[in-house]
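Data file: query.csv. Format and content: CSV, C-alpha atoms.
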```
chain,number,residue,atom,x,y,z
P,231,MET,CA,0.0,0.0,0.0
P,232,MET,CA,1.3,3.4,-1.0
P,233,LYS,CA,0.7,6.9,0.3
P,234,ARG,CA,-1.2,8.9,-2.3
P,235,ASP,CA,0.8,12.1,-2.0
P,236,GLU,CA,4.1,10.2,-2.3
P,237,CYS,CA,2.7,8.4,-5.3
P,238,PHE,CA,1.7,11.7,-6.9
P,239,ARG,CA,5.1,13.2,-6.3
P,240,VAL,CA,6.6,10.3,-8.3
P,241,LEU,CA,4.0,10.8,-11.1
P,242,ALA,CA,4.5,14.6,-11.1
P,243,ARG,CA,8.2,14.1,-12.1
P,244,HIS,CA,6.9,12.7,-15.4
P,245,ILE,CA,4.2,15.2,-16.2
P,246,THR,CA,5.0,17.9,-18.7
P,247,ASP,CA,2.3,19.2,-21.1
P,248,GLU,CA,-0.4,16.6,-20.3
P,249,ALA,CA,-3.9,17.6,-19.1
P,250,VAL,CA,-4.4,16.0,-15.7
P,251,VAL,CA,-8.0,15.4,-14.6
P,252,ALA,CA,-8.3,15.0,-10.8
P,253,THR,CA,-11.1,15.4,-8.3
P,254,TYR,CA,-11.9,15.4,-4.6
P,255,SER,CA,-9.2,14.0,-2.4
P,256,SER,CA,-7.0,13.2,-5.4
P,257,ALA,CA,-7.4,16.7,-6.6
P,258,VAL,CA,-6.4,18.2,-3.2
P,259,ASP,CA,-3.2,16.1,-3.1
P,260,TRP,CA,-2.4,16.6,-6.8
P,261,VAL,CA,-2.8,20.3,-6.7
P,262,ASP,CA,-0.6,20.4,-3.6
P,263,VAL,CA,2.1,18.4,-5.3
P,264,ASN,CA,1.8,19.9,-8.8
P,265,PRO,CA,-0.2,23.2,-9.2
P,266,ARG,CA,-0.4,24.1,-12.9
P,267,PRO,CA,-2.9,25.5,-15.4
P,268,LEU,CA,-3.3,22.2,-17.1
P,269,ASN,CA,-5.0,20.6,-14.1
P,270,TYR,CA,-8.6,20.0,-14.9
P,271,LEU,CA,-10.5,19.9,-11.7
P,272,SER,CA,-14.1,21.0,-12.4
P,273,ILE,CA,-16.0,17.8,-13.0
P,274,GLY,CA,-19.4,18.9,-11.9
P,275,ALA,CA,-20.7,15.6,-10.7
P,276,MET,CA,-19.0,12.7,-9.0
P,277,GLY,CA,-18.0,10.0,-11.3
P,278,LEU,CA,-17.6,12.0,-14.5
P,279,ASP,CA,-13.8,12.4,-14.3
P,280,SER,CA,-13.2,9.6,-16.8
P,281,SER,CA,-15.8,11.0,-19.2
P,282,HIS,CA,-14.3,14.5,-19.1
P,283,GLY,CA,-11.0,12.9,-19.8
P,284,LEU,CA,-12.3,11.0,-22.8
P,285,GLY,CA,-13.7,14.2,-24.3
P,286,LEU,CA,-10.4,16.0,-23.7
P,287,ALA,CA,-8.4,13.1,-25.3
P,288,LEU,CA,-10.7,13.1,-28.4
P,289,GLY,CA,-10.4,16.8,-28.7
P,290,ARG,CA,-6.6,16.9,-28.7
P,291,PRO,CA,-5.3,13.6,-30.0
P,292,ASP,CA,-1.9,15.1,-30.3
P,293,ARG,CA,-1.8,15.6,-26.5
P,294,ARG,CA,-1.8,13.1,-23.6
P,295,VAL,CA,-4.6,13.2,-21.0
P,296,VAL,CA,-4.0,11.7,-17.6
P,297,VAL,CA,-7.1,11.0,-15.4
P,298,ILE,CA,-6.6,10.4,-11.7
P,299,GLN,CA,-10.0,9.1,-10.5
P,300,GLY,CA,-11.0,8.1,-7.0
P,301,ASP,CA,-12.3,4.6,-6.4
P,302,GLY,CA,-15.8,5.9,-5.3
P,303,SER,CA,-15.9,8.1,-8.4
P,304,LEU,CA,-15.1,5.2,-10.8
P,305,LEU,CA,-17.7,3.0,-9.1
P,306,MET,CA,-20.3,5.7,-10.0
P,307,ASN,CA,-19.3,5.5,-13.7
P,308,LEU,CA,-18.1,2.0,-14.3
P,309,GLY,CA,-19.7,2.0,-17.7
P,310,SER,CA,-17.1,4.6,-18.8
P,311,LEU,CA,-14.5,1.8,-18.7
P,312,VAL,CA,-16.5,0.2,-21.6
P,313,THR,CA,-17.1,3.4,-23.4
P,314,ILE,CA,-13.4,4.4,-23.2
P,315,ALA,CA,-12.2,0.9,-24.3
P,316,ALA,CA,-14.6,1.0,-27.3
P,317,VAL,CA,-13.5,4.5,-28.4
P,318,ALA,CA,-9.9,3.5,-27.6
P,319,PRO,CA,-8.2,6.9,-27.4
P,320,LYS,CA,-4.4,6.3,-27.8
P,321,ASN,CA,-3.6,9.3,-25.7
P,322,LEU,CA,-5.5,8.5,-22.5
P,323,VAL,CA,-4.0,7.2,-19.3
P,324,HIS,CA,-6.5,6.4,-16.5
P,325,PHE,CA,-5.4,6.0,-12.9
P,326,VAL,CA,-7.7,5.0,-10.1
P,327,ALA,CA,-6.6,5.9,-6.6
P,328,HIS,CA,-7.9,2.9,-4.7
P,329,ASN,CA,-8.0,3.8,-1.0
P,330,GLU,CA,-11.2,1.7,-0.4
P,331,THR,CA,-13.1,4.7,1.1
P,332,TYR,CA,-15.3,7.6,0.2
P,333,GLU,CA,-12.6,9.8,1.8
P,334,ALA,CA,-14.2,13.2,0.9
P,335,ASN,CA,-17.6,12.0,2.3
P,336,GLY,CA,-16.6,10.9,5.8
P,337,GLY,CA,-14.3,8.0,5.1
P,338,HIS,CA,-16.9,5.4,4.8
P,339,PRO,CA,-15.9,2.2,2.9
P,340,ILE,CA,-16.8,1.6,-0.7
P,341,PRO,CA,-19.3,-1.3,-1.1
P,342,LEU,CA,-16.5,-3.9,-1.8
P,343,ARG,CA,-13.1,-2.8,-0.5
P,344,ASN,CA,-11.1,-5.2,-2.7
P,345,VAL,CA,-12.9,-4.7,-5.9
P,346,ASP,CA,-10.5,-5.5,-8.8
P,347,PHE,CA,-10.5,-2.3,-10.9
P,348,ALA,CA,-7.6,-3.5,-13.0
P,349,GLY,CA,-9.5,-6.7,-13.8
P,350,LEU,CA,-12.6,-4.7,-14.7
P,351,ALA,CA,-10.5,-2.5,-17.0
P,352,ARG,CA,-8.8,-5.5,-18.6
P,353,SER,CA,-12.2,-7.1,-19.2
P,354,ALA,CA,-13.6,-3.9,-20.6
P,355,GLY,CA,-10.8,-3.9,-23.2
P,356,TYR,CA,-8.1,-1.3,-22.2
P,357,LYS,CA,-5.0,-1.9,-24.2
P,358,ALA,CA,-2.6,-2.0,-21.2
P,359,VAL,CA,-3.5,-2.5,-17.5
P,360,TYR,CA,-1.3,-2.2,-14.4
P,361,ASP,CA,-1.8,-2.6,-10.7
P,362,PHE,CA,0.6,-0.9,-8.2
P,363,ALA,CA,0.7,-1.4,-4.5
P,364,ASP,CA,4.5,-0.7,-4.0
P,365,LEU,CA,6.0,2.7,-4.4
P,366,GLY,CA,9.3,1.3,-5.7
P,367,ALA,CA,7.6,-0.6,-8.4
P,368,PHE,CA,5.5,2.4,-9.4
P,369,THR,CA,8.6,4.6,-9.5
P,370,GLN,CA,10.4,2.1,-11.7
P,371,GLN,CA,7.5,1.7,-14.2
P,372,VAL,CA,5.6,5.0,-14.2
P,373,ALA,CA,7.4,6.3,-17.3
P,374,HIS,CA,6.6,3.2,-19.2
P,375,VAL,CA,3.0,3.4,-18.1
P,376,LEU,CA,2.7,7.0,-19.4
P,377,GLU,CA,4.4,6.1,-22.7
P,378,GLN,CA,2.1,3.2,-23.6
P,379,GLU,CA,-0.4,3.5,-26.4
P,380,GLY,CA,-3.8,3.9,-24.8
P,381,PRO,CA,-6.2,3.5,-23.4
P,382,VAL,CA,-4.0,2.6,-20.4
P,383,PHE,CA,-5.3,1.8,-16.9
P,384,ALA,CA,-3.5,1.6,-13.6
P,385,THR,CA,-4.7,1.0,-10.1
P,386,LEU,CA,-2.8,2.8,-7.4
P,387,HIS,CA,-3.4,1.0,-4.1
P,388,VAL,CA,-3.1,3.9,-1.6
P,389,GLU,CA,-3.8,4.4,2.1
P,390,PRO,CA,-6.6,6.8,3.2
P,391,SER,CA,-4.7,10.0,3.8
P,392,LYS,CA,-4.6,12.3,6.9
P,393,PRO,CA,-7.6,14.6,7.1
P,394,LEU,CA,-7.5,17.0,4.1
P,395,LYS,CA,-8.8,20.5,3.7
P,396,TYR,CA,-11.2,20.6,0.9
P,397,ASP,CA,-11.1,24.1,-0.5
P,398,TYR,CA,-13.8,23.6,-3.2
P,399,PRO,CA,-14.2,27.3,-4.1
P,400,SER,CA,-10.6,27.4,-5.0
P,401,LEU,CA,-10.6,24.0,-6.8
P,402,TYR,CA,-13.6,25.0,-8.9
P,403,ASP,CA,-12.7,28.6,-9.5
P,404,PRO,CA,-14.0,29.6,-12.9
P,405,LYS,CA,-10.6,31.4,-13.5
P,406,LYS,CA,-9.0,28.0,-13.3
P,407,ARG,CA,-11.3,26.6,-16.0
P,408,ALA,CA,-10.5,29.6,-18.2
P,409,ALA,CA,-6.8,29.2,-17.6
P,410,PHE,CA,-7.0,25.5,-18.4
P,411,LYS,CA,-8.9,26.2,-21.7
P,412,ALA,CA,-6.4,28.9,-22.8
P,413,GLU,CA,-3.5,26.7,-22.0
P,414,TRP,CA,-5.0,23.5,-23.6
P,415,LYS,CA,-6.1,25.3,-26.8
P,416,GLY,CA,-2.9,27.3,-27.0
P,417,GLN,CA,-0.5,24.4,-27.2
P,418,GLY,CA,0.3,23.7,-30.8
F,295,MET,CA,-54.3,0.4,-41.8
F,296,GLN,CA,-51.8,3.1,-42.5
F,297,ALA,CA,-53.0,6.6,-43.1
F,298,ALA,CA,-52.1,8.4,-46.4
F,299,GLY,CA,-48.6,9.9,-46.2
F,300,SER,CA,-47.5,7.6,-43.5
F,301,ALA,CA,-44.8,4.9,-43.5
F,302,GLU,CA,-43.4,2.1,-41.5
F,303,ASP,CA,-39.9,2.6,-40.3
F,304,ALA,CA,-37.1,0.1,-39.5
F,305,ASP,CA,-38.5,-0.4,-36.0
F,306,GLY,CA,-41.9,-1.3,-37.4
F,307,GLU,CA,-43.4,1.9,-36.2
F,308,VAL,CA,-46.0,3.7,-38.3
F,309,HIS,CA,-45.6,7.4,-38.5
F,310,GLY,CA,-46.5,10.4,-40.6
F,311,ASP,CA,-44.4,12.7,-42.7
F,312,ALA,CA,-44.7,15.6,-40.3
F,313,LEU,CA,-41.1,15.4,-39.1
F,314,ASN,CA,-38.3,14.2,-41.3
F,315,GLY,CA,-35.0,12.9,-39.9
F,316,ALA,CA,-33.0,14.1,-42.9
F,317,GLY,CA,-33.9,17.7,-42.1
F,318,ILE,CA,-32.8,17.3,-38.5
F,319,ILE,CA,-29.5,15.7,-39.5
F,320,ALA,CA,-28.8,18.4,-42.0
F,321,ALA,CA,-29.4,21.0,-39.3
F,322,ILE,CA,-27.1,19.2,-36.9
F,323,LYS,CA,-24.3,19.2,-39.5
F,324,ALA,CA,-25.0,22.8,-40.5
F,325,SER,CA,-24.5,23.6,-36.8
F,326,ARG,CA,-20.9,22.3,-37.1
F,327,VAL,CA,-21.5,19.5,-34.7
F,328,GLU,CA,-18.7,16.9,-35.0
F,329,TYR,CA,-19.6,14.3,-32.4
F,330,VAL,CA,-23.0,12.7,-31.6
F,331,LEU,CA,-23.0,11.1,-28.1
F,332,SER,CA,-25.8,8.7,-27.6
F,333,VAL,CA,-27.7,6.0,-25.7
F,334,PRO,CA,-30.3,4.6,-28.1
F,335,ASP,CA,-33.9,6.0,-27.8
F,336,ILE,CA,-36.8,4.4,-29.7
F,337,VAL,CA,-38.3,7.8,-30.6
F,338,THR,CA,-35.1,8.8,-32.5
F,339,SER,CA,-33.8,5.4,-33.4
F,340,ALA,CA,-34.9,5.0,-37.0
F,341,GLY,CA,-35.1,8.6,-38.1
F,342,LEU,CA,-31.9,9.9,-36.5
F,343,LEU,CA,-29.6,7.4,-34.8
F,344,ARG,CA,-29.5,4.8,-37.6
F,345,PRO,CA,-28.8,7.3,-40.4
F,346,ILE,CA,-26.2,9.0,-38.2
F,347,THR,CA,-24.3,5.7,-37.9
F,348,GLN,CA,-24.0,5.8,-41.7
F,349,ASP,CA,-23.1,9.5,-42.0
F,350,LYS,CA,-19.3,10.0,-42.3
F,351,ALA,CA,-19.6,13.7,-41.5
F,352,LEU,CA,-20.6,12.8,-37.9
F,353,LYS,CA,-18.6,10.8,-35.3
F,354,LEU,CA,-20.9,8.7,-33.2
F,355,ILE,CA,-19.9,7.6,-29.7
F,356,ARG,CA,-22.1,5.1,-28.1
F,357,VAL,CA,-22.0,5.4,-24.3
F,358,CYS,CA,-23.3,3.2,-21.5
F,359,LYS,CA,-25.2,5.8,-19.5
F,360,GLU,CA,-26.4,9.2,-20.5
F,361,ASP,CA,-24.5,11.3,-17.9
F,362,GLU,CA,-21.2,10.2,-19.6
F,363,CYS,CA,-22.3,12.3,-22.5
F,364,VAL,CA,-22.2,15.4,-20.4
F,365,GLY,CA,-18.6,14.8,-19.3
F,366,ILE,CA,-17.5,14.0,-22.9
F,367,ALA,CA,-19.2,17.0,-24.4
F,368,SER,CA,-17.6,19.2,-21.8
F,369,GLY,CA,-14.2,17.9,-22.5
F,370,LEU,CA,-14.7,18.4,-26.2
F,371,SER,CA,-15.9,21.9,-25.6
F,372,TYR,CA,-12.5,22.8,-24.0
F,373,CYS,CA,-11.1,21.9,-27.4
F,374,ASP,CA,-13.7,24.0,-29.3
F,375,ILE,CA,-15.3,20.9,-30.8
F,376,ARG,CA,-19.1,20.7,-30.9
F,377,ALA,CA,-21.1,17.7,-29.7
F,378,LEU,CA,-24.8,16.8,-29.6
F,379,ILE,CA,-26.2,14.5,-27.0
F,380,LEU,CA,-28.9,12.3,-28.4
F,381,ILE,CA,-30.9,10.5,-25.6
F,382,GLN,CA,-34.3,9.6,-24.3
F,383,HIS,CA,-36.1,11.8,-21.8
F,384,THR,CA,-35.6,9.1,-19.1
F,385,GLY,CA,-31.9,9.4,-19.7
F,386,PHE,CA,-32.2,13.2,-19.4
F,387,LEU,CA,-33.9,12.7,-16.0
F,388,ASP,CA,-31.2,10.3,-14.9
F,389,SER,CA,-28.5,12.8,-15.8
F,390,LEU,CA,-29.9,15.8,-14.0
F,391,ASN,CA,-27.0,16.1,-11.5
F,392,ALA,CA,-24.4,16.1,-14.3
F,393,ILE,CA,-26.4,18.7,-16.2
F,394,ARG,CA,-26.8,20.8,-13.1
F,395,GLY,CA,-23.1,20.8,-12.3
F,396,VAL,CA,-21.5,20.9,-15.7
F,397,ALA,CA,-24.0,22.6,-18.0
F,398,VAL,CA,-25.7,25.0,-15.6
F,399,GLU,CA,-23.2,25.8,-12.7
F,400,TYR,CA,-20.1,25.7,-14.9
F,401,GLY,CA,-21.9,27.2,-17.9
F,402,GLN,CA,-20.8,24.7,-20.5
F,403,PRO,CA,-22.4,24.5,-24.0
F,404,ILE,CA,-24.1,21.1,-23.5
F,405,CYS,CA,-26.5,20.5,-26.4
F,406,MET,CA,-29.2,17.8,-25.9
F,407,MET,CA,-31.6,16.3,-28.3
F,408,ILE,CA,-34.2,14.4,-26.2
F,409,GLY,CA,-36.7,11.9,-27.5
F,410,LEU,CA,-40.0,12.0,-25.6
F,411,LEU,CA,-41.0,8.4,-25.1
F,412,GLY,CA,-44.7,7.8,-24.9
F,413,HIS,CA,-45.6,11.3,-25.9
F,414,ASP,CA,-48.7,12.0,-27.9
F,415,PRO,CA,-47.3,14.2,-30.8
F,416,GLU,CA,-50.6,16.0,-31.1
F,417,LYS,CA,-50.2,17.4,-27.6
F,418,THR,CA,-47.5,19.8,-26.2
F,419,PRO,CA,-44.9,18.2,-23.9
F,420,ARG,CA,-46.5,19.9,-20.9
F,421,THR,CA,-49.9,18.3,-21.6
F,422,SER,CA,-48.4,14.9,-22.5
F,423,PRO,CA,-50.3,11.8,-21.4
F,424,ARG,CA,-46.9,10.6,-20.0
F,425,TYR,CA,-45.9,12.0,-16.5
F,426,GLY,CA,-42.2,11.7,-17.3
F,427,VAL,CA,-42.6,13.8,-20.4
F,428,ARG,CA,-44.9,16.4,-18.7
F,429,ILE,CA,-42.2,17.3,-16.1
F,430,VAL,CA,-39.3,17.8,-18.7
F,431,GLU,CA,-40.1,21.4,-19.7
F,432,PRO,CA,-40.8,22.6,-16.1
F,433,ILE,CA,-37.4,21.1,-15.0
F,434,LEU,CA,-35.6,22.8,-17.9
F,435,ASP,CA,-37.3,26.1,-17.0
F,436,ASP,CA,-36.4,25.7,-13.3
F,437,MET,CA,-32.8,25.1,-14.3
F,438,GLY,CA,-32.8,28.0,-16.7
F,439,ILE,CA,-32.0,25.8,-19.7
F,440,ALA,CA,-33.3,27.0,-23.1
F,441,HIS,CA,-35.4,24.4,-24.9
F,442,HIS,CA,-37.2,24.0,-28.1
F,443,HIS,CA,-40.0,21.6,-29.1
F,444,ILE,CA,-39.3,19.9,-32.4
F,445,GLY,CA,-42.6,18.4,-33.4
F,446,VAL,CA,-42.9,19.2,-37.1
F,447,ASP,CA,-40.5,20.0,-40.0
F,448,ALA,CA,-41.1,23.7,-39.5
F,449,ASP,CA,-39.5,23.5,-36.1
F,450,VAL,CA,-36.2,22.2,-37.5
F,451,ALA,CA,-35.1,25.7,-38.4
F,452,LYS,CA,-34.7,26.4,-34.6
F,453,ILE,CA,-31.9,23.9,-34.3
F,454,LYS,CA,-28.9,25.7,-35.9
F,455,PRO,CA,-29.4,29.1,-34.3
F,456,ALA,CA,-29.9,27.5,-30.9
F,457,ILE,CA,-26.7,25.4,-31.1
F,458,ASP,CA,-24.8,28.4,-32.4
F,459,LYS,CA,-26.1,30.5,-29.5
F,460,ALA,CA,-25.3,27.8,-26.9
F,461,TYR,CA,-21.7,27.7,-28.0
F,462,ALA,CA,-21.5,31.5,-28.4
F,463,GLU,CA,-22.8,32.1,-24.9
F,464,SER,CA,-21.5,28.9,-23.3
F,465,LYS,CA,-24.9,27.7,-22.1
F,466,PRO,CA,-26.9,24.5,-22.5
F,467,VAL,CA,-29.8,23.9,-24.8
F,468,ALA,CA,-32.3,21.1,-25.2
F,469,PHE,CA,-34.4,20.0,-28.2
F,470,LEU,CA,-37.5,18.0,-27.4
F,471,ILE,CA,-38.3,15.5,-30.2
F,472,GLY,CA,-42.1,15.1,-29.9
F,473,ARG,CA,-42.7,12.5,-32.6
F,474,ARG,CA,-40.7,9.8,-34.4
F,475,PRO,CA,-38.8,11.5,-37.2
F,476,LYS,CA,-39.3,9.7,-40.5
F,477,ALA,CA,-36.1,7.9,-41.6
F,478,PRO,CA,-34.4,9.5,-44.7
```
Could you take the file, read its structure, and then write that structure out as structure tokens?
Amino acid sequence: MMKRDECFRVLARHITDEAVVATYSSAVDWVDVNPRPLNYLSIGAMGLDSSHGLGLALGRPDRRVVVIQGDGSLLMNLGSLVTIAAVAPKNLVHFVAHNETYEANGGHPIPLRNVDFAGLARSAGYKAVYDFADLGAFTQQVAHVLEQEGPVFATLHVEPSKPLKYDYPSLYDPKKRAAFKAEWKGQG
Amino acid sequence: MQAAGSAEDADGEVHGDALNGAGIIAAIKASRVEYVLSVPDIVTSAGLLRPITQDKALKLIRVCKEDECVGIASGLSYCDIRALILIQHTGFLDSLNAIRGVAVEYGQPICMMIGLLGHDPEKTPRTSPRYGVRIVEPILDDMGIAHHHIGVDADVAKIKPAIDKAYAESKPVAFLIGRRPKAP
């Protein structure tokens, strides 16, 4: 089991001009580790992270899109695994931070703690699927994960974190959406 | 017995010539829509979705659940690519939280074409015999979402200006398909 913020620090070392879609607890940790205009945080409804990511990936096939979705979020939109596998965007990398809880909603457990997200993604038809519970292994393979032809899926088994401060007005600031759009459109 | 001017479509449904799918599809393309995002709906199945599957000018994405369409359309809008969501009114009702968050609170140009299952095309949506149809327009009004009833061919002219306006002002819009469009 990894610590999510440590995991994200490793991931951040490999992020350059990608759009990164992150929400709730993952967004809080990600923004703390790697604040940047190309973070896409305004999802609007829990579970839609992966669908926003698919739209971004289709819209800019020349750019890579990285989705960091919580396990509770993905459970609300499991069908998106099938949709993404069917559309098969080569530039989409889909992580799920599997901490087995609805961390932003009181830390209650998800319905089945050990649900096999990697197995679900593999069955849905993702091109490459990974499962990481060890930071050393993740550190060693993350560059390879990000370089694969998508859609790529990786489960990150992480511990529930210390209590976080959820500053939603800042995360969902319309200025951040405008900055994201300007940056995402502006890259040639 | 079929009435004069009526036909049987690929789903075995008898309908009149009052609303033609070809005109709606032409309006969608004239609106510079590139992607159609859909869960099948029996009202629009033969007249819109089937011909769209054969139309190389439109990219169709079949999704598992209607609220996925809202996220995908939002992501595409950040790339200035237009999308139309083609769903049934039951899927619209199921997606209200996504529409609330993305389309209304974030002000995204989410364009929806909604088949009214079980509606009597001779009535308005508000006076529909089907409860689920009667509540659609009041919900759209409460959410401040512009909407247009597409019941006959003359209504099709509303589509392009409304989609252009949605993208110009970054606001959602809904088209309510009140009868089965005739297949091209």
Ile318 of chain F: which residues within 8 Å, counting only C-alpha atoms, same-chain residues fewer than 2 positions away excluded, as a ChimeraX atom specification? /F:314-316,320-322,342,450,453
Quick one: which chain F residues come within 8 Å of chain P, and what is the nearest atom pair for each with the distance in Å to one decimal, counting only C-alpha atoms, rows ordered by chain and ascending number, as JSON lines?
```
{"residue": "F:Ile355", "atom": "CA", "partner": "P:Val317", "partner_atom": "CA", "distance": 7.2}
{"residue": "F:Arg356", "atom": "CA", "partner": "P:Thr313", "partner_atom": "CA", "distance": 7.1}
{"residue": "F:Val357", "atom": "CA", "partner": "P:Thr313", "partner_atom": "CA", "distance": 5.4}
{"residue": "F:Cys358", "atom": "CA", "partner": "P:Gly309", "partner_atom": "CA", "distance": 5.4}
{"residue": "F:Lys359", "atom": "CA", "partner": "P:Gly309", "partner_atom": "CA", "distance": 6.9}
{"residue": "F:Asp361", "atom": "CA", "partner": "P:Leu278", "partner_atom": "CA", "distance": 7.7}
{"residue": "F:Glu362", "atom": "CA", "partner": "P:Ser281", "partner_atom": "CA", "distance": 5.5}
{"residue": "F:Cys363", "atom": "CA", "partner": "P:Ser281", "partner_atom": "CA", "distance": 7.4}
{"residue": "F:Val364", "atom": "CA", "partner": "P:Ser281", "partner_atom": "CA", "distance": 7.9}
{"residue": "F:Gly365", "atom": "CA", "partner": "P:His282", "partner_atom": "CA", "distance": 4.3}
{"residue": "F:Ile366", "atom": "CA", "partner": "P:Gly285", "partner_atom": "CA", "distance": 4.1}
{"residue": "F:Ala367", "atom": "CA", "partner": "P:Gly285", "partner_atom": "CA", "distance": 6.2}
{"residue": "F:Ser368", "atom": "CA", "partner": "P:His282", "partner_atom": "CA", "distance": 6.3}
{"residue": "F:Gly369", "atom": "CA", "partner": "P:Gly285", "partner_atom": "CA", "distance": 4.1}
{"residue": "F:Leu370", "atom": "CA", "partner": "P:Gly285", "partner_atom": "CA", "distance": 4.7}
{"residue": "F:Tyr372", "atom": "CA", "partner": "P:Lys411", "partner_atom": "CA", "distance": 5.5}
{"residue": "F:Cys373", "atom": "CA", "partner": "P:Gly289", "partner_atom": "CA", "distance": 5.3}
{"residue": "F:Asp374", "atom": "CA", "partner": "P:Gly289", "partner_atom": "CA", "distance": 7.9}
{"residue": "F:Ile375", "atom": "CA", "partner": "P:Gly289", "partner_atom": "CA", "distance": 6.7}
{"residue": "F:Asn391", "atom": "CA", "partner": "P:Ala275", "partner_atom": "CA", "distance": 6.4}
{"residue": "F:Ala392", "atom": "CA", "partner": "P:Ala275", "partner_atom": "CA", "distance": 5.2}
{"residue": "F:Arg394", "atom": "CA", "partner": "P:Gly274", "partner_atom": "CA", "distance": 7.7}
{"residue": "F:Gly395", "atom": "CA", "partner": "P:Gly274", "partner_atom": "CA", "distance": 4.2}
{"residue": "F:Val396", "atom": "CA", "partner": "P:Gly274", "partner_atom": "CA", "distance": 4.8}
{"residue": "F:Glu399", "atom": "CA", "partner": "P:Gly274", "partner_atom": "CA", "distance": 7.9}
{"residue": "F:Tyr400", "atom": "CA", "partner": "P:Gly274", "partner_atom": "CA", "distance": 7.5}
```
Can I get the selected residues back with C-alpha atoms, as a PDB file, in the coordinates of the input?
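Once written, out.pdb looks like this:
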```
ATOM      1  CA  ILE F 355     -19.900   7.600 -29.700  1.00  0.00           C
ATOM      2  CA  ARG F 356     -22.100   5.100 -28.100  1.00  0.00           C
ATOM      3  CA  VAL F 357     -22.000   5.400 -24.300  1.00  0.00           C
ATOM      4  CA  CYS F 358     -23.300   3.200 -21.500  1.00  0.00           C
ATOM      5  CA  LYS F 359     -25.200   5.800 -19.500  1.00  0.00           C
ATOM      6  CA  ASP F 361     -24.500  11.300 -17.900  1.00  0.00           C
ATOM      7  CA  GLU F 362     -21.200  10.200 -19.600  1.00  0.00           C
ATOM      8  CA  CYS F 363     -22.300  12.300 -22.500  1.00  0.00           C
ATOM      9  CA  VAL F 364     -22.200  15.400 -20.400  1.00  0.00           C
ATOM     10  CA  GLY F 365     -18.600  14.800 -19.300  1.00  0.00           C
ATOM     11  CA  ILE F 366     -17.500  14.000 -22.900  1.00  0.00           C
ATOM     12  CA  ALA F 367     -19.200  17.000 -24.400  1.00  0.00           C
ATOM     13  CA  SER F 368     -17.600  19.200 -21.800  1.00  0.00           C
ATOM     14  CA  GLY F 369     -14.200  17.900 -22.500  1.00  0.00           C
ATOM     15  CA  LEU F 370     -14.700  18.400 -26.200  1.00  0.00           C
ATOM     16  CA  TYR F 372     -12.500  22.800 -24.000  1.00  0.00           C
ATOM     17  CA  CYS F 373     -11.100  21.900 -27.400  1.00  0.00           C
ATOM     18  CA  ASP F 374     -13.700  24.000 -29.300  1.00  0.00           C
ATOM     19  CA  ILE F 375     -15.300  20.900 -30.800  1.00  0.00           C
ATOM     20  CA  ASN F 391     -27.000  16.100 -11.500  1.00  0.00           C
ATOM     21  CA  ALA F 392     -24.400  16.100 -14.300  1.00  0.00           C
ATOM     22  CA  ARG F 394     -26.800  20.800 -13.100  1.00  0.00           C
ATOM     23  CA  GLY F 395     -23.100  20.800 -12.300  1.00  0.00           C
ATOM     24  CA  VAL F 396     -21.500  20.900 -15.700  1.00  0.00           C
ATOM     25  CA  GLU F 399     -23.200  25.800 -12.700  1.00  0.00           C
ATOM     26  CA  TYR F 400     -20.100  25.700 -14.900  1.00  0.00           C
TER      27      TYR F 400
END
```
Atom CA of Ala358 of chain P and atom CA of Leu376 of chain P are how many Å apart? 10.6 Å
With all atoms listed in the file as the counted atoms, please give the residues lying no more than 12 Å from Ile471 of chain F, apart from itself and same-chain residues fewer than 4 positions off, as a CSV table (one decimal) with C-alpha atoms, keeping the file's coordinate frame.
```csv
chain,number,residue,atom,x,y,z
F,312,ALA,CA,-44.7,15.6,-40.3
F,313,LEU,CA,-41.1,15.4,-39.1
F,314,ASN,CA,-38.3,14.2,-41.3
F,315,GLY,CA,-35.0,12.9,-39.9
F,318,ILE,CA,-32.8,17.3,-38.5
F,335,ASP,CA,-33.9,6.0,-27.8
F,336,ILE,CA,-36.8,4.4,-29.7
F,337,VAL,CA,-38.3,7.8,-30.6
F,338,THR,CA,-35.1,8.8,-32.5
F,339,SER,CA,-33.8,5.4,-33.4
F,341,GLY,CA,-35.1,8.6,-38.1
F,342,LEU,CA,-31.9,9.9,-36.5
F,380,LEU,CA,-28.9,12.3,-28.4
F,381,ILE,CA,-30.9,10.5,-25.6
F,382,GLN,CA,-34.3,9.6,-24.3
F,383,HIS,CA,-36.1,11.8,-21.8
F,406,MET,CA,-29.2,17.8,-25.9
F,407,MET,CA,-31.6,16.3,-28.3
F,408,ILE,CA,-34.2,14.4,-26.2
F,409,GLY,CA,-36.7,11.9,-27.5
F,410,LEU,CA,-40.0,12.0,-25.6
F,411,LEU,CA,-41.0,8.4,-25.1
F,412,GLY,CA,-44.7,7.8,-24.9
F,413,HIS,CA,-45.6,11.3,-25.9
F,414,ASP,CA,-48.7,12.0,-27.9
F,415,PRO,CA,-47.3,14.2,-30.8
F,418,THR,CA,-47.5,19.8,-26.2
F,419,PRO,CA,-44.9,18.2,-23.9
F,427,VAL,CA,-42.6,13.8,-20.4
F,430,VAL,CA,-39.3,17.8,-18.7
F,441,HIS,CA,-35.4,24.4,-24.9
F,442,HIS,CA,-37.2,24.0,-28.1
F,443,HIS,CA,-40.0,21.6,-29.1
F,444,ILE,CA,-39.3,19.9,-32.4
F,445,GLY,CA,-42.6,18.4,-33.4
F,446,VAL,CA,-42.9,19.2,-37.1
F,447,ASP,CA,-40.5,20.0,-40.0
F,449,ASP,CA,-39.5,23.5,-36.1
F,450,VAL,CA,-36.2,22.2,-37.5
F,453,ILE,CA,-31.9,23.9,-34.3
F,475,PRO,CA,-38.8,11.5,-37.2
F,476,LYS,CA,-39.3,9.7,-40.5
```
